[in-house]
Amino acid sequence: MSTAARTDAVGVGVIGTGDIGTYHARRLARRIAGARVAAVCDVAADRAAAVAAEVGARVCPDAETVIADAAVDAVVIASPGPTHAGLVQACLAAGKPVLCEKPLATTTADAAAVLAAEAAGGRRLVQVGFMRRYDRGYRAVKAALDAGEVGAPLVVHCVHRNVAAPPWFTSEMLPLDSVIHEIDAARWLLGSEIVAATVHTPRPSPLAAPGLQDPQLVTLETAAGAIVQVEMFVNARSGYEVRCEVVGSEGSVALEHAADAWLSRDRTRGRRLPGDWKARFDDAFQAELQAWVDAVAAGAPPPGASAWDGCAATAVATACVEALRSGQRTEVALPERPALYG
């Protein structure tokens, strides 16, 4: 069903009204055609009530009530990572499509349990929020690779820098919450699974919280023999910066950082970097949510990253955490891929 032909908007329940949950709720209410926010919840009841009032939704006492609400056709999960796997399984049990923010799960075992539950139902209902697949720059890189314009991919260089990490951020969260975007992007761009990870630890930035290993340099090996290098720096201060270059046997294709404008001042000229992920990937989030709502309305499978993609990314991120702790190359332990995922 096309957006123009709809008579009823898709009722979306939003679980979690923190930074990204509120961002999604506002977008669904104001900018996504054919969608409305039907219900929201958060452990911070006052915050959930404020968001619900802003977007015209019902506030629910807990996630289970949101999922069971008859007015909720589909669910967005934006709660903390450790809650994701259980909530996704609850959506599957209710037969409701779900867009789960990354990670799908914080352990490979929990991610595999999601795969088993979805496969048992016989149809795909889960999409994982790897929004870079909808970014115009990443899609241009993907198109060039798929067309063979740079030959066989050999090396991928990635940079992922945040302005500052929150005080509760841990060293293990760099792979699980941040590098996981590069993990999914590399799998998607190259069409090859990642089989091993090594993490190098330079001296920590003096601006990092005590005990936080930041930055980290991650090396990923693919089944096809390509090497992916990721610089992850969550206290870079200079701005939010994401770059990617794929070096092939016949050329290279690069995604440079997005810039709002060129700035000339004090005898210098340079690019102004985005301040955070919302500014950099706003268009990608818009495209991702619109495509997901359109698919829900049409009764079609979710168009983005699947539960398998989420499980594979979690398995690689888990290997990165093990490599960080041991200082050794760590092989990725992937579960068996169910037939549902092709």
# chains A, B, ... in the order shown; residues from 1 in each chain; ligands from 1

call {"tool": "residues_around", "arguments": {"residues": "A:Pro303", "least_positions_apart": "5", "cutoff": "9 Å", "atoms": "only C-alpha atoms", "output": "VMD selection string"}}
result
chain A and resid 127 288 291 to 292 295

call {"tool": "select_by_dssp", "arguments": {"residues": "stretch 78-280 of chain A", "states": "strand (DSSP E or B)", "output": "ChimeraX atom specification"}}
result
/A:98-100,126-128,153-161,194-200,216-222,227-233,241-248,252-255,262-265,268-271

call {"tool": "closest_residue", "arguments": {"among": "A:Ala152, A:Val72, A:Ala284, A:Leu289", "to": "A:Ile32", "atoms": "only C-alpha atoms"}}
result
A:Leu289

call {"tool": "residues_around", "arguments": {"residues": "A:Arg136", "least_positions_apart": "2", "cutoff": "10 Å", "atoms": "only C-alpha atoms", "output": "PDB file with all heavy atoms, in the first residue's frame"}}
result
ATOM      1  N   ARG A 132      22.822   3.636   8.987  1.00  0.00           N
ATOM      2  CA  ARG A 132      23.803   4.010   7.964  1.00  0.00           C
ATOM      3  C   ARG A 132      23.480   3.373   6.620  1.00  0.00           C
ATOM      4  O   ARG A 132      23.908   3.890   5.579  1.00  0.00           O
ATOM      5  CB  ARG A 132      25.210   3.622   8.411  1.00  0.00           C
ATOM      6  CG  ARG A 132      25.693   4.425   9.602  1.00  0.00           C
ATOM      7  CD  ARG A 132      27.131   4.139   9.905  1.00  0.00           C
ATOM      8  NE  ARG A 132      27.563   4.829  11.118  1.00  0.00           N
ATOM      9  CZ  ARG A 132      28.785   4.812  11.595  1.00  0.00           C
ATOM     10  NH1 ARG A 132      29.716   4.110  10.954  1.00  0.00           N
ATOM     11  NH2 ARG A 132      29.105   5.454  12.694  1.00  0.00           N
ATOM     12  N   ARG A 133      22.751   2.288   6.620  1.00  0.00           N
ATOM     13  CA  ARG A 133      22.338   1.669   5.348  1.00  0.00           C
ATOM     14  C   ARG A 133      21.432   2.587   4.538  1.00  0.00           C
ATOM     15  O   ARG A 133      21.221   2.364   3.341  1.00  0.00           O
ATOM     16  CB  ARG A 133      21.618   0.347   5.624  1.00  0.00           C
ATOM     17  CG  ARG A 133      22.497  -0.719   6.275  1.00  0.00           C
ATOM     18  CD  ARG A 133      21.732  -2.003   6.467  1.00  0.00           C
ATOM     19  NE  ARG A 133      22.549  -3.070   7.061  1.00  0.00           N
ATOM     20  CZ  ARG A 133      22.478  -4.346   6.723  1.00  0.00           C
ATOM     21  NH1 ARG A 133      21.610  -4.737   5.792  1.00  0.00           N
ATOM     22  NH2 ARG A 133      23.229  -5.248   7.316  1.00  0.00           N
ATOM     23  N   TYR A 134      20.877   3.617   5.191  1.00  0.00           N
ATOM     24  CA  TYR A 134      19.987   4.563   4.505  1.00  0.00           C
ATOM     25  C   TYR A 134      20.665   5.903   4.228  1.00  0.00           C
ATOM     26  O   TYR A 134      20.052   6.803   3.649  1.00  0.00           O
ATOM     27  CB  TYR A 134      18.732   4.798   5.353  1.00  0.00           C
ATOM     28  CG  TYR A 134      17.820   3.594   5.391  1.00  0.00           C
ATOM     29  CD1 TYR A 134      17.994   2.598   6.349  1.00  0.00           C
ATOM     30  CD2 TYR A 134      16.794   3.432   4.463  1.00  0.00           C
ATOM     31  CE1 TYR A 134      17.175   1.487   6.387  1.00  0.00           C
ATOM     32  CE2 TYR A 134      15.966   2.328   4.494  1.00  0.00           C
ATOM     33  CZ  TYR A 134      16.165   1.356   5.456  1.00  0.00           C
ATOM     34  OH  TYR A 134      15.346   0.250   5.477  1.00  0.00           O
ATOM     35  N   TYR A 138      26.834   6.445   2.294  1.00  0.00           N
ATOM     36  CA  TYR A 138      27.103   5.008   2.391  1.00  0.00           C
ATOM     37  C   TYR A 138      26.480   4.254   1.217  1.00  0.00           C
ATOM     38  O   TYR A 138      27.074   3.294   0.698  1.00  0.00           O
ATOM     39  CB  TYR A 138      26.553   4.455   3.703  1.00  0.00           C
ATOM     40  CG  TYR A 138      27.535   4.551   4.852  1.00  0.00           C
ATOM     41  CD1 TYR A 138      27.415   5.556   5.805  1.00  0.00           C
ATOM     42  CD2 TYR A 138      28.571   3.642   4.997  1.00  0.00           C
ATOM     43  CE1 TYR A 138      28.300   5.650   6.864  1.00  0.00           C
ATOM     44  CE2 TYR A 138      29.469   3.723   6.045  1.00  0.00           C
ATOM     45  CZ  TYR A 138      29.324   4.736   6.982  1.00  0.00           C
ATOM     46  OH  TYR A 138      30.211   4.813   8.024  1.00  0.00           O
ATOM     47  N   ARG A 139      25.292   4.682   0.800  1.00  0.00           N
ATOM     48  CA  ARG A 139      24.643   4.001  -0.325  1.00  0.00           C
ATOM     49  C   ARG A 139      25.422   4.220  -1.623  1.00  0.00           C
ATOM     50  O   ARG A 139      25.464   3.334  -2.489  1.00  0.00           O
ATOM     51  CB  ARG A 139      23.194   4.472  -0.452  1.00  0.00           C
ATOM     52  CG  ARG A 139      22.326   4.008   0.715  1.00  0.00           C
ATOM     53  CD  ARG A 139      20.915   4.574   0.644  1.00  0.00           C
ATOM     54  NE  ARG A 139      20.105   3.869  -0.329  1.00  0.00           N
ATOM     55  CZ  ARG A 139      19.381   2.789  -0.055  1.00  0.00           C
ATOM     56  NH1 ARG A 139      19.372   2.269   1.154  1.00  0.00           N
ATOM     57  NH2 ARG A 139      18.649   2.217  -0.986  1.00  0.00           N
ATOM     58  N   ALA A 140      26.052   5.379  -1.759  1.00  0.00           N
ATOM     59  CA  ALA A 140      26.870   5.630  -2.948  1.00  0.00           C
ATOM     60  C   ALA A 140      28.112   4.732  -2.941  1.00  0.00           C
ATOM     61  O   ALA A 140      28.519   4.193  -3.975  1.00  0.00           O
ATOM     62  CB  ALA A 140      27.281   7.100  -3.001  1.00  0.00           C
ATOM     63  N   VAL A 141      28.720   4.558  -1.767  1.00  0.00           N
ATOM     64  CA  VAL A 141      29.859   3.642  -1.655  1.00  0.00           C
ATOM     65  C   VAL A 141      29.423   2.219  -1.985  1.00  0.00           C
ATOM     66  O   VAL A 141      30.098   1.488  -2.730  1.00  0.00           O
ATOM     67  CB  VAL A 141      30.465   3.705  -0.237  1.00  0.00           C
ATOM     68  CG1 VAL A 141      31.527   2.614  -0.051  1.00  0.00           C
ATOM     69  CG2 VAL A 141      31.075   5.081   0.023  1.00  0.00           C
ATOM     70  N   LYS A 142      28.279   1.814  -1.444  1.00  0.00           N
ATOM     71  CA  LYS A 142      27.755   0.464  -1.704  1.00  0.00           C
ATOM     72  C   LYS A 142      27.493   0.257  -3.195  1.00  0.00           C
ATOM     73  O   LYS A 142      27.826  -0.795  -3.758  1.00  0.00           O
ATOM     74  CB  LYS A 142      26.468   0.275  -0.905  1.00  0.00           C
ATOM     75  CG  LYS A 142      25.691  -1.013  -1.177  1.00  0.00           C
ATOM     76  CD  LYS A 142      26.379  -2.230  -0.642  1.00  0.00           C
ATOM     77  CE  LYS A 142      25.463  -3.445  -0.702  1.00  0.00           C
ATOM     78  NZ  LYS A 142      26.204  -4.708  -0.442  1.00  0.00           N
ATOM     79  N   LEU A 255      33.847   7.743   1.627  1.00  0.00           N
ATOM     80  CA  LEU A 255      32.809   8.568   2.246  1.00  0.00           C
ATOM     81  C   LEU A 255      33.519   9.540   3.169  1.00  0.00           C
ATOM     82  O   LEU A 255      34.110   9.124   4.168  1.00  0.00           O
ATOM     83  CB  LEU A 255      31.844   7.683   3.049  1.00  0.00           C
ATOM     84  CG  LEU A 255      30.892   8.405   3.999  1.00  0.00           C
ATOM     85  CD1 LEU A 255      29.748   9.024   3.210  1.00  0.00           C
ATOM     86  CD2 LEU A 255      30.331   7.445   5.035  1.00  0.00           C
ATOM     87  N   PHE A 281      23.210  12.274  10.746  1.00  0.00           N
ATOM     88  CA  PHE A 281      22.428  11.214  10.126  1.00  0.00           C
ATOM     89  C   PHE A 281      20.913  11.491  10.120  1.00  0.00           C
ATOM     90  O   PHE A 281      20.116  10.557  10.011  1.00  0.00           O
ATOM     91  CB  PHE A 281      22.716   9.874  10.817  1.00  0.00           C
ATOM     92  CG  PHE A 281      24.069   9.308  10.477  1.00  0.00           C
ATOM     93  CD1 PHE A 281      25.090   9.291  11.422  1.00  0.00           C
ATOM     94  CD2 PHE A 281      24.334   8.817   9.208  1.00  0.00           C
ATOM     95  CE1 PHE A 281      26.336   8.777  11.109  1.00  0.00           C
ATOM     96  CE2 PHE A 281      25.586   8.306   8.882  1.00  0.00           C
ATOM     97  CZ  PHE A 281      26.585   8.279   9.835  1.00  0.00           C
ATOM     98  N   ASP A 283      18.957  12.716   7.799  1.00  0.00           N
ATOM     99  CA  ASP A 283      18.313  12.228   6.577  1.00  0.00           C
ATOM    100  C   ASP A 283      18.218  10.705   6.564  1.00  0.00           C
ATOM    101  O   ASP A 283      17.228  10.144   6.076  1.00  0.00           O
ATOM    102  CB  ASP A 283      19.079  12.706   5.339  1.00  0.00           C
ATOM    103  CG  ASP A 283      18.918  14.196   5.084  1.00  0.00           C
ATOM    104  OD1 ASP A 283      18.019  14.813   5.690  1.00  0.00           O
ATOM    105  OD2 ASP A 283      19.706  14.745   4.299  1.00  0.00           O
ATOM    106  N   ALA A 284      19.238  10.042   7.094  1.00  0.00           N
ATOM    107  CA  ALA A 284      19.226   8.581   7.126  1.00  0.00           C
ATOM    108  C   ALA A 284      18.137   8.063   8.059  1.00  0.00           C
ATOM    109  O   ALA A 284      17.424   7.103   7.734  1.00  0.00           O
ATOM    110  CB  ALA A 284      20.586   8.054   7.563  1.00  0.00           C
ATOM    111  N   ALA A 287      14.777   8.466   6.274  1.00  0.00           N
ATOM    112  CA  ALA A 287      14.550   7.451   5.243  1.00  0.00           C
ATOM    113  C   ALA A 287      14.280   6.086   5.866  1.00  0.00           C
ATOM    114  O   ALA A 287      13.415   5.334   5.402  1.00  0.00           O
ATOM    115  CB  ALA A 287      15.759   7.388   4.306  1.00  0.00           C
TER     116      ALA A 287
END

call {"tool": "residues_around", "arguments": {"residues": "A:Asp110", "least_positions_apart": "4", "cutoff": "7 Å", "atoms": "only C-alpha atoms", "output": "VMD selection string"}}
result
chain A and resid 85 105 114

call {"tool": "write_last_selection", "arguments": {"atoms": "N, CA, C and O atoms", "output": "short mmCIF file (atom, residue, chain, number, x, y, z; two decimals), in the first residue's frame"}}
result
data_model
loop_
_atom_site.label_atom_id
_atom_site.label_comp_id
_atom_site.auth_asym_id
_atom_site.auth_seq_id
_atom_site.Cartn_x
_atom_site.Cartn_y
_atom_site.Cartn_z
N ALA A 85 16.75 -7.67 23.71
CA ALA A 85 16.42 -9.03 23.27
C ALA A 85 15.09 -9.49 23.84
O ALA A 85 14.25 -10.05 23.13
N ALA A 105 21.02 -7.31 20.78
CA ALA A 105 21.25 -7.93 22.09
C ALA A 105 22.67 -7.61 22.51
O ALA A 105 23.51 -7.25 21.68
N VAL A 114 16.70 -14.61 19.87
CA VAL A 114 15.79 -13.81 19.04
C VAL A 114 15.63 -14.46 17.67
O VAL A 114 14.52 -14.58 17.14
#

call {"tool": "select_by_dssp", "arguments": {"residues": "stretch 138-280 of chain A", "states": "alpha helix (DSSP H)", "output": "PyMOL selection string"}}
result
chain A and resi 138-146+173+180-190+277-280

call {"tool": "residues_around", "arguments": {"residues": "A:Pro210", "least_positions_apart": "6", "cutoff": "10 Å", "atoms": "only C-alpha atoms", "output": "PyMOL selection string"}}
result
chain A and resi 167+170+204

call {"tool": "write_last_selection", "arguments": {"atoms": "C-alpha atoms", "output": "JSON list (two decimals), in the first residue's frame"}}
result
[["chain", "number", "residue", "atom", "x", "y", "z"],
["A", 167, "PRO", "CA", 30.43, 9.73, 32.33],
["A", 170, "THR", "CA", 32.84, 2.00, 29.73],
["A", 204, "PRO", "CA", 44.09, 6.83, 26.68]]

call {"tool": "atom_distance", "arguments": {"atom1": "atom CA of A:Ala307", "atom2": "atom CA of A:Ala279"}}
result
26.8 Å
